[in-house]
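Peer 1: I'd like to ask you about the structure that follows.
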Amino acid sequence: MAYTAPVKDMLFDMRHLAGIDEIAKLPGFEEAGFDTAQAVLEECARFNEGVVAPLNVAGDRNPSSWKDGVVTTTPGFKEAFRQYAEGGWQGLQHPQDFGGQGLPKTIGAACSEMLNSANMSFALCPLLTDGAIEALLTAGSDELKATYLEKLVSGQWTGTMNLTEPQAGSDLALVRTRAEPQPDGTYKIFGTKIFITYGEHDMAENIVHLVLARVTGAPEGVKGISLFVVPKFMVGKDGSIGARNDAHCVSIEHKLGIKASPTAVLQFGDHGGAVGYLVGQENRGLEYMFIMMNAARYAVGVQGVAIAERSYQQAVAYARDRVQSRPVDGSMNASAPIIHHPDVKRMLMTMRAYTEGCRAMATVAAAAYDASHHHPDAEVRKQNQAFYEFMVPLVKGYSTEMSLEVASLGVQVHGGMGFIEETGAAQYLRDAKILTIYEGTTAIQANDLVGRKTGRDGGQAAKAIAAQIAKTEGELAKRDSVEARAMLKRLSAARQAFVDAVEFVAGNGRTSPNAVFAGSVPYLMLAGNVMAGWQLARSLLVAEDLVAKGEDTAFMQAKIATARFYADHILSKAPGTRDAIVEGADSVTALALEAF
């Protein structure tokens, strides 16, 4: 099915929730106001709708293949990636000093959503390259930056992130890949890495692997991990491609979804040692890798929004066409398209509300990132950084769990035809599943939210956000519409549930850690629900004002209806989730281990 980018909704969020014209007042973003955002998004939509989206089904049915160490991607991918690179899309939000366009993350995130909606398997290659660029910008030496950044930013080369090993999944303290110092200042790398997205492919002339390894004699545990650049092909001083490095793909995985994206097993050092270059200082590799990880976690959350949007579009199209049964209200005397039936409307509205809520949440988070890096006032930067850091596990965790529910509903709307691969609905469900797992499972995001983002400051950042939500409630209280009153009721109850959960987490993390972590994922889901609902409450206020002015009435009325639905059917779950967090720990741990 064809993909239509939701440019109008993206621009609404940018203008009215994220404040794109305020972002354009920040140093370095002077040309990045609403008009620029609109032009970029419209061009991005044309590219993804016309070039990338048509390859999505082909990639699922004819995935990447491996033979004798060589990976061949789906026919059409290589040419599409060439056009992607030539269009400057890889460098959209990277510094102009290295050939990028230097646009805000707020714009870049919307473009990333389009790319992932069009074809998530394809989009994973640029996603990992973005992470490699961020790590080198932050911790790379001037020499490493000069050698690699321009080629990565241009899309001429691509990047990878090498953490996982067969014995070391999320527990990176178990990493065994070793790095032996050499007299010339380089290192020889030996080890095996698994689950390396686009670790080998035919779409670019070189692949820049960022690899976690232990230098000989380093401390045990995470304190002894360093980060290295290990190129697939060696690079000459003039930037030319040289001999093949001792880094080879020994297989690719056969997966539930994202089949066109090659997930590689990489072997380093089987023929004398792969040449690696230290990034930053020894034993600080995990710190640097988390730069990539945080960029990737946000990006994966955007993937959740993207796959939900694509599933929603297909479900709506099918519901308009599929004729089955008479409407229960007797309004038609013959069988009708199923979109007339109340439960189908409920499913479609659930899909729509989740998707728009999470898109708004991600857009506002991106704006905070931009302000945290570019605002001239140090205190404003600090406040925005705290807000963004709190939001990252929510964007990643809540949006990806949301995408699974939405994609599952998409199959359900199709009925039996959804279970048949030919309709395409099942691919979105299969593709979505990985999003709750990679770059840290939902539980790992929840652990981060509990420990670093809530417990560490006694819940102060969370309560500061709750205070902002209370201000939105104050605005809602001034309105007399049925929709505003309904949203006020639900948002107020949800905020109080969130505050109760924050106090429980912050107050019991040290004395009763099992009780707190038994509810860590529900806490993340509660927080994500409230943040998305808050943004839809803000959108309701804006839309009501614009309806009163007669501006784009149909679109604005749809925004109001979607926000009201979210309040009644999704935000209303918050108090129950609060009870499970605050009062439900004993039942999580009550059953004896041998009884499982």
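FYI, nothing fancy with the structure tokens labels: chains A, B, ... in order, residues from 1 per chain, ligands from 1 as they appear.
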Would you list the contacts of Gly584 of chain A as a list in words, taking every protein, DNA or RNA residue within 9 Å and counting only C-alpha atoms, but skipping same-chain residues closer than 4 positions in sequence?
Peer 2: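 Surrounding residues, per the criterion: Ala515, Ala518, Gly519, Asp579, Ala580 and Val588 of chain A.
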Peer 1: With 7 Å as the cut-off and only C-alpha atoms counted, what is the closest atom pair between each nearby residue of segment 46-134 of chain A and segment 21-37 of chain A? Distances in Å to one decimal, ordered by chain and number, as JSON lines.
Peer 2:
```
{"residue": "A:Leu103", "atom": "CA", "partner": "A:Ala32", "partner_atom": "CA", "distance": 6.5}
{"residue": "A:Pro104", "atom": "CA", "partner": "A:Phe29", "partner_atom": "CA", "distance": 6.9}
{"residue": "A:Ile107", "atom": "CA", "partner": "A:Ala37", "partner_atom": "CA", "distance": 6.2}
```
Peer 1: Would you mind writing down, as JSON, numbers by chain, each residue of segment 248-342 of chain A that DSSP on the backbone assigns to helix (DSSP H, G or I)?
Peer 2: {"A": [285, 286, 287, 288, 289, 290, 291, 292, 293, 294, 295, 296, 297, 298, 299, 300, 301, 302, 303, 304, 305, 306, 307, 308, 309, 310, 311, 312, 313, 314, 315, 316, 317, 318, 319, 320, 321, 338, 339, 340, 342]}
Peer 1: Those selected residues, please, written with C-alpha atoms and delivered as a tab-separated table (two decimals), in the first residue's frame.
Peer 2:
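Final output, selection_9.tsv:
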```
chain	number	residue	atom	x	y	z
A	285	GLY	CA	34.40	3.73	26.00
A	286	LEU	CA	31.07	3.10	27.66
A	287	GLU	CA	30.67	6.80	28.34
A	288	TYR	CA	31.25	7.57	24.66
A	289	MET	CA	29.10	4.69	23.47
A	290	PHE	CA	26.20	6.06	25.47
A	291	ILE	CA	26.34	9.15	23.27
A	292	MET	CA	25.49	6.87	20.37
A	293	MET	CA	23.08	4.91	22.53
A	294	ASN	CA	21.04	7.93	23.61
A	295	ALA	CA	20.83	9.21	20.05
A	296	ALA	CA	19.74	5.76	18.93
A	297	ARG	CA	17.20	5.36	21.74
A	298	TYR	CA	15.42	8.54	20.76
A	299	ALA	CA	15.57	7.49	17.11
A	300	VAL	CA	14.08	4.08	17.91
A	301	GLY	CA	11.19	5.82	19.66
A	302	VAL	CA	10.59	7.76	16.45
A	303	GLN	CA	10.63	4.42	14.62
A	304	GLY	CA	7.77	3.36	16.87
A	305	VAL	CA	5.74	6.39	15.79
A	306	ALA	CA	6.69	5.68	12.18
A	307	ILE	CA	5.58	2.06	12.09
A	308	ALA	CA	2.36	2.96	13.94
A	309	GLU	CA	1.59	5.63	11.35
A	310	ARG	CA	2.13	3.21	8.47
A	311	SER	CA	-0.04	0.55	10.11
A	312	TYR	CA	-2.77	3.10	10.79
A	313	GLN	CA	-2.81	4.32	7.20
A	314	GLN	CA	-3.18	0.79	5.87
A	315	ALA	CA	-5.92	-0.07	8.38
A	316	VAL	CA	-7.94	3.05	7.45
A	317	ALA	CA	-7.65	2.27	3.74
A	318	TYR	CA	-8.79	-1.31	4.30
A	319	ALA	CA	-11.67	-0.26	6.57
A	320	ARG	CA	-12.95	2.12	3.90
A	321	ASP	CA	-12.93	-0.63	1.24
A	338	ILE	CA	-16.47	-1.75	8.10
A	339	ILE	CA	-15.38	1.79	8.98
A	340	HIS	CA	-19.07	2.39	9.80
A	342	PRO	CA	-18.36	1.32	16.19
```
Peer 1: Which of these residues is nearest to Ser261 of chain A, using only C-alpha atoms: A:Tyr354, A:Tyr369, A:Tyr187, A:Tyr198?
Peer 2: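 Nearest candidate to Ser261 of chain A out of A:Tyr354, A:Tyr369, A:Tyr187, A:Tyr198: A:Tyr198.
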Peer 1: Write out as a list in words each polymer residue whose atoms come within 7 Å of Met114 of chain A, counting only C-alpha atoms; drop sequence neighbours fewer than 2 positions from it.
Peer 2: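 The residues satisfying every condition are Ala5, Ala45, Asn48, Ala110, Cys111, Ser112, Asn116, Ser117, Ala118 and Ala306 of chain A.
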Peer 1: I'd like to know which of A:Thr355, A:Leu212, A:Gly221, A:Asp9 is closest to Lys559 of chain A, using only C-alpha atoms.
Peer 2: A:Asp9
Peer 1: For a quick check of understanding, using only C-alpha atoms, which of A:Leu404, A:Val542, A:Leu348, A:Ala39 has the smallest distance to Ile434 of chain A?
Peer 2: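 Going through A:Leu404, A:Val542, A:Leu348, A:Ala39 one by one, the smallest distance to Ile434 of chain A is for A:Leu404.
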Peer 1: Which residues, written as a list in words, have at least one atom at most 8 Å from Val502 of chain A, with only C-alpha atoms counted and residues fewer than 5 positions away on the same chain left out?
Peer 2: Thr454, Gly459, Ala462 and Lys463 of chain A
Peer 1: Please provide the set of residues having any atom within 12 Å of Ser481 of chain A, restricted to only C-alpha atoms, with same-chain residues fewer than 2 positions apart removed, written as a ChimeraX atom specification.
Peer 2: /A:476-479,483-488,540-541,544-545,548,560-561,564
Peer 1: When DSSP is applied to the backbone of this structure, which of segment 244-424 of chain A are assigned strand (DSSP E)? Write them out as a list in words.
Peer 2: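 So, restricting segment 244-424 of chain A to strand (DSSP E), we get Arg244, Ala247, His248, Cys249, Val250, Ser251, Ile252, Thr263, Ala264, Val265, Leu266, Gln267, Phe268, Ala274, Val275, Gly276, Tyr277 and Leu278 of chain A.
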Peer 1: The selected residues should be written to file as a PDB file, in the first residue's frame (atoms: N, CA and C atoms).
Peer 2:
```pdb
ATOM      1  N   ARG A 244      41.747  -4.117   2.751  1.00  0.00           N
ATOM      2  CA  ARG A 244      40.691  -4.607   3.639  1.00  0.00           C
ATOM      3  C   ARG A 244      41.261  -4.818   5.041  1.00  0.00           C
ATOM      4  N   ALA A 247      38.386  -7.370   9.576  1.00  0.00           N
ATOM      5  CA  ALA A 247      37.046  -7.353  10.155  1.00  0.00           C
ATOM      6  C   ALA A 247      36.108  -7.939   9.116  1.00  0.00           C
ATOM      7  N   HIS A 248      35.479  -9.056   9.442  1.00  0.00           N
ATOM      8  CA  HIS A 248      34.723  -9.800   8.439  1.00  0.00           C
ATOM      9  C   HIS A 248      33.370 -10.253   8.970  1.00  0.00           C
ATOM     10  N   CYS A 249      32.395 -10.271   8.081  1.00  0.00           N
ATOM     11  CA  CYS A 249      31.062 -10.758   8.406  1.00  0.00           C
ATOM     12  C   CYS A 249      31.022 -12.265   8.178  1.00  0.00           C
ATOM     13  N   VAL A 250      30.746 -13.028   9.227  1.00  0.00           N
ATOM     14  CA  VAL A 250      30.736 -14.491   9.099  1.00  0.00           C
ATOM     15  C   VAL A 250      29.323 -15.043   8.929  1.00  0.00           C
ATOM     16  N   SER A 251      28.293 -14.212   9.160  1.00  0.00           N
ATOM     17  CA  SER A 251      26.915 -14.628   8.905  1.00  0.00           C
ATOM     18  C   SER A 251      25.992 -13.444   9.151  1.00  0.00           C
ATOM     19  N   ILE A 252      24.744 -13.572   8.699  1.00  0.00           N
ATOM     20  CA  ILE A 252      23.703 -12.618   9.080  1.00  0.00           C
ATOM     21  C   ILE A 252      22.520 -13.401   9.642  1.00  0.00           C
ATOM     22  N   THR A 263      21.586  -8.033   9.707  1.00  0.00           N
ATOM     23  CA  THR A 263      22.060  -8.046  11.090  1.00  0.00           C
ATOM     24  C   THR A 263      23.229  -9.006  11.162  1.00  0.00           C
ATOM     25  N   ALA A 264      24.440  -8.471  11.304  1.00  0.00           N
ATOM     26  CA  ALA A 264      25.659  -9.231  11.053  1.00  0.00           C
ATOM     27  C   ALA A 264      26.304  -9.776  12.321  1.00  0.00           C
ATOM     28  N   VAL A 265      26.955 -10.912  12.152  1.00  0.00           N
ATOM     29  CA  VAL A 265      27.940 -11.406  13.116  1.00  0.00           C
ATOM     30  C   VAL A 265      29.301 -11.018  12.555  1.00  0.00           C
ATOM     31  N   LEU A 266      30.039 -10.190  13.295  1.00  0.00           N
ATOM     32  CA  LEU A 266      31.337  -9.704  12.818  1.00  0.00           C
ATOM     33  C   LEU A 266      32.465 -10.341  13.614  1.00  0.00           C
ATOM     34  N   GLN A 267      33.476 -10.769  12.906  1.00  0.00           N
ATOM     35  CA  GLN A 267      34.660 -11.364  13.507  1.00  0.00           C
ATOM     36  C   GLN A 267      35.843 -10.425  13.280  1.00  0.00           C
ATOM     37  N   PHE A 268      36.469 -10.014  14.377  1.00  0.00           N
ATOM     38  CA  PHE A 268      37.625  -9.125  14.299  1.00  0.00           C
ATOM     39  C   PHE A 268      38.886  -9.901  14.671  1.00  0.00           C
ATOM     40  N   ALA A 274      42.512  -6.861  13.695  1.00  0.00           N
ATOM     41  CA  ALA A 274      41.942  -5.715  12.987  1.00  0.00           C
ATOM     42  C   ALA A 274      42.559  -4.432  13.532  1.00  0.00           C
ATOM     43  N   VAL A 275      42.893  -3.505  12.664  1.00  0.00           N
ATOM     44  CA  VAL A 275      43.482  -2.239  13.083  1.00  0.00           C
ATOM     45  C   VAL A 275      42.373  -1.331  13.617  1.00  0.00           C
ATOM     46  N   GLY A 276      42.571  -0.876  14.848  1.00  0.00           N
ATOM     47  CA  GLY A 276      41.602   0.016  15.470  1.00  0.00           C
ATOM     48  C   GLY A 276      42.263   1.287  15.960  1.00  0.00           C
ATOM     49  N   TYR A 277      41.471   2.364  16.037  1.00  0.00           N
ATOM     50  CA  TYR A 277      41.958   3.671  16.475  1.00  0.00           C
ATOM     51  C   TYR A 277      41.148   4.095  17.697  1.00  0.00           C
ATOM     52  N   LEU A 278      41.832   4.411  18.777  1.00  0.00           N
ATOM     53  CA  LEU A 278      41.169   4.762  20.028  1.00  0.00           C
ATOM     54  C   LEU A 278      40.344   6.036  19.871  1.00  0.00           C
TER      55      LEU A 278
END
```
